[in-house]
Amino acid sequence: MPKQKPALKIALIGHGFMGAAHSQGWRVAPRFFDLPLQPEMTLLVGRQAAGVEAAAEKWGWAETSTDWRTAIERDDIDVVDIVTPGNSHAEIAIAALAAGKHVLCEKPLANTLAEAEVMAAAARSAGSGIKAMVGFTYRRVPAATFARELVTSGAIGEVRQVRAAYLQDWLYDASSPLTWRLQKEHAGTGALGDIGAHAVDLSQFITGQKIVGVSGLMQTFVHERPLLEDPSQHGEVSVDDAAAFTARFDGGALGTFEATRMATGRKNSLRIEVSGSKGAISFDLENYNSLGYYDATAVSTRQGFAQIMVTEEEHPYISAWWPTGHTLGYEHGFVHQAKDFIEAIGEGQQPTPSFEDGHQVQRVLDAVQQSAANDSIWTATA
Ligand code: SOE
């Protein structure tokens, strides 16, 4: 009989798109990875009883509650996993940390820089025994983790330029409804925080450099959309549809970034290309199982971008899965995220991205907003 592992009881707050993805992570991680603790899907929280009960039944959560405070008050809950809209992240995370719970919080860490600061401070003062991590899941796509290994080990030499774009098109149609992701009071920002945050985090992760300067522009194209509850009525879109910015990294690299949910034809395209003095890497989320790599030191007649299949057992995370070449997909990043968080808790390590990392991304998002609000770019006169 295999030895029984100590239990790690999880409470998940929220059950939308990310609720499904995180549930999958908690359920599958212990079946493929040998973990120090056994996660138990103990409590699912949602505001409406019928909705949360149906979700719990579907994804395998043992109990439900319509109040997130239940998760904080229950002594048996070890981990609070927050997948609610950004405006509730700070309150829930701070209460959970104060109650001695480990916290996994979806990105962006908060809706404002001030909230992110308080959250990072709360994680620090919770002490080293309490772990807090932000859900920048794409770090856990094997090709992205491998890109970091290549770049930070010097395989492409000195990093000079970063080109990052996160492009989606689910909002190009003006008749698509006014969901919470389009309302500043719920989401903080639009494309910038929802998907630009991923591009910021991933580019810093892959290069090992931090963004220390930005110049940005933001634009809303569709100012009103039909209300979800009553499509005959319209409400105001109070966030950006698209954001673009240039950036300086602390290691000397220059970056260009684009985040948009209006890029007609692009469904979930996150691309990051890093050019260095000895080569380049090219990551493309829609090409999940491979990584572009260019070796500028190769003999000139054999140079060219190679598309490396990141499906070998020596590649990050792969040995737990299928035989060579048998590919992974979107959900696996969430499985790897659950695995890494459980390991960090079980082994007493600080997980990354930490709340401090999430706070740093928020500083970049805030700086882009300030720069865009100043509108200090050259403007042509007639
Ligand atoms: C979650 O990580 C997330 O950022 C969502 O919030 C976005 O909407 C999605 O498209 C990418 O993933």
# chains A, B, ... in the order shown; residues from 1 in each chain; ligands from 1
$ residues_around --residues "stretch 104-107 of chain A" --least-positions-apart "4" --cutoff "9 Å" --atoms "only C-alpha atoms" --output "VMD selection string"
chain A and resid 18 79 to 86 89 93 131 to 137 193 to 194 197 to 198 341 355 358
$ write_last_selection --atoms "C-alpha atoms" --output "compact mmCIF listing (two decimals), in the first residue's frame"
# COMPACT_ATOMS: atom_id res chain seq x y z
CA MET A 18 -10.65 30.27 -14.41
CA VAL A 79 -5.21 26.95 0.67
CA VAL A 80 -7.46 29.74 -0.61
CA ASP A 81 -7.41 29.92 -4.41
CA ILE A 82 -8.90 33.18 -5.76
CA VAL A 83 -10.38 33.26 -9.26
CA THR A 84 -12.86 36.10 -8.80
CA PRO A 85 -12.79 39.42 -10.72
CA GLY A 86 -9.88 41.65 -9.69
CA HIS A 89 -8.64 39.93 -4.88
CA ALA A 93 -6.24 37.47 -0.16
CA LYS A 131 2.99 30.81 0.76
CA ALA A 132 1.44 33.26 -1.69
CA MET A 133 1.59 32.95 -5.47
CA VAL A 134 0.06 34.74 -8.49
CA GLY A 135 -1.53 32.76 -11.31
CA PHE A 136 0.66 33.80 -14.22
CA THR A 137 0.05 30.34 -15.58
CA GLY A 193 -4.53 43.99 -17.26
CA ASP A 194 -6.37 40.96 -18.60
CA ALA A 197 -0.23 41.46 -17.75
CA HIS A 198 0.64 37.98 -19.06
CA PHE A 341 2.38 25.43 -5.61
CA PHE A 355 2.96 38.52 -4.66
CA GLY A 358 2.66 40.41 -9.08
$ select_by_dssp --residues "stretch 17-215 of chain A" --states "strand (DSSP E)" --output "ChimeraX atom specification"
/A:38-45,63-65,79-82,102-106,132-135,159-167,211-215
$ residues_around --residues "A:Ala96" --least-positions-apart "6" --cutoff "8 Å" --atoms "only C-alpha atoms" --output "list in words"
Ile72, Val80, His102 and Val103 of chain A
$ write_last_selection --atoms "C-alpha atoms" --output "PDB file, in the first residue's frame"
ATOM      1  CA  ILE A  72     -11.286  31.933   5.861  1.00  0.00           C
ATOM      2  CA  VAL A  80      -7.456  29.742  -0.609  1.00  0.00           C
ATOM      3  CA  HIS A 102      -1.662  29.760   1.682  1.00  0.00           C
ATOM      4  CA  VAL A 103      -3.011  31.847  -1.207  1.00  0.00           C
TER       5      VAL A 103
END
$ atom_distance --atom1 "atom CA of A:Pro353" --atom2 "atom CA of A:Leu44"
24.0 Å
$ residues_around --residues "A:Lys339" --least-positions-apart "6" --cutoff "8 Å" --atoms "only C-alpha atoms" --output "MDAnalysis selection string"
chainID A and resid 25:26 29:30 33 35
$ closest_residue --among "A:Glu63, A:Glu53, A:Glu117, A:Asp76" --to "A:His359" --atoms "only C-alpha atoms"
A:Glu117
$ select_by_dssp --residues "stretch 7-242 of chain A" --states "helix (DSSP H, G or I)" --output "ChimeraX atom specification"
/A:17-32,49-59,69-73,86-98,113-125,137-140,142-152,180-182,184-187,191-207
$ residues_around --residues "stretch 282-284 of chain A" --least-positions-apart "4" --cutoff "7 Å" --atoms "only C-alpha atoms" --output "JSON, numbers by chain"
{"A": [144, 269, 270, 271, 272, 273, 274, 288, 291, 292, 293]}
$ write_last_selection --atoms "C-alpha atoms" --output "mmCIF file, in the first residue's frame"
data_model
loop_
_atom_site.group_PDB
_atom_site.id
_atom_site.type_symbol
_atom_site.label_atom_id
_atom_site.label_comp_id
_atom_site.auth_asym_id
_atom_site.auth_seq_id
_atom_site.Cartn_x
_atom_site.Cartn_y
_atom_site.Cartn_z
ATOM 1 C CA ALA A 144 7.973 29.056 -21.998
ATOM 2 C CA SER A 269 -2.157 34.491 -29.686
ATOM 3 C CA LEU A 270 0.578 35.243 -27.163
ATOM 4 C CA ARG A 271 3.892 35.659 -28.914
ATOM 5 C CA ILE A 272 7.193 36.650 -27.424
ATOM 6 C CA GLU A 273 10.342 36.940 -29.452
ATOM 7 C CA VAL A 274 13.647 37.709 -27.774
ATOM 8 C CA TYR A 288 2.021 25.189 -27.607
ATOM 9 C CA LEU A 291 9.733 26.778 -29.358
ATOM 10 C CA GLY A 292 11.469 28.721 -32.110
ATOM 11 C CA TYR A 293 15.247 28.928 -31.628
#
$ closest_residue --among "A:Asp75, A:Asp201, A:Glu236, A:Glu185" --to "A:Thr112" --atoms "only C-alpha atoms"
A:Glu185
$ residues_around --residues "A:Met218" --least-positions-apart "3" --cutoff "9 Å" --atoms "only C-alpha atoms" --output "list of chain:residue names"
A:Leu192, A:Asp240, A:Asp241, A:Ala242, A:Ala243, A:Ala244, A:Phe245, A:Val368, A:Gln369, A:Ala372, A:Ala373
$ closest_residue --among "A:Trp378, A:Phe334, A:Tyr172, A:Phe305" --to "ligand 1" --atoms "only C-alpha atoms and all ligand atoms"
A:Phe334
$ residues_around --residues "A:Leu182" --least-positions-apart "5" --cutoff "8 Å" --atoms "only C-alpha atoms" --output "PyMOL selection string"
chain A and resi 187+189-190+237-239
$ closest_residue --among "A:Lys278, A:His186, A:His22, A:Arg261" --to "A:Ala174" --atoms "only C-alpha atoms"
A:Arg261
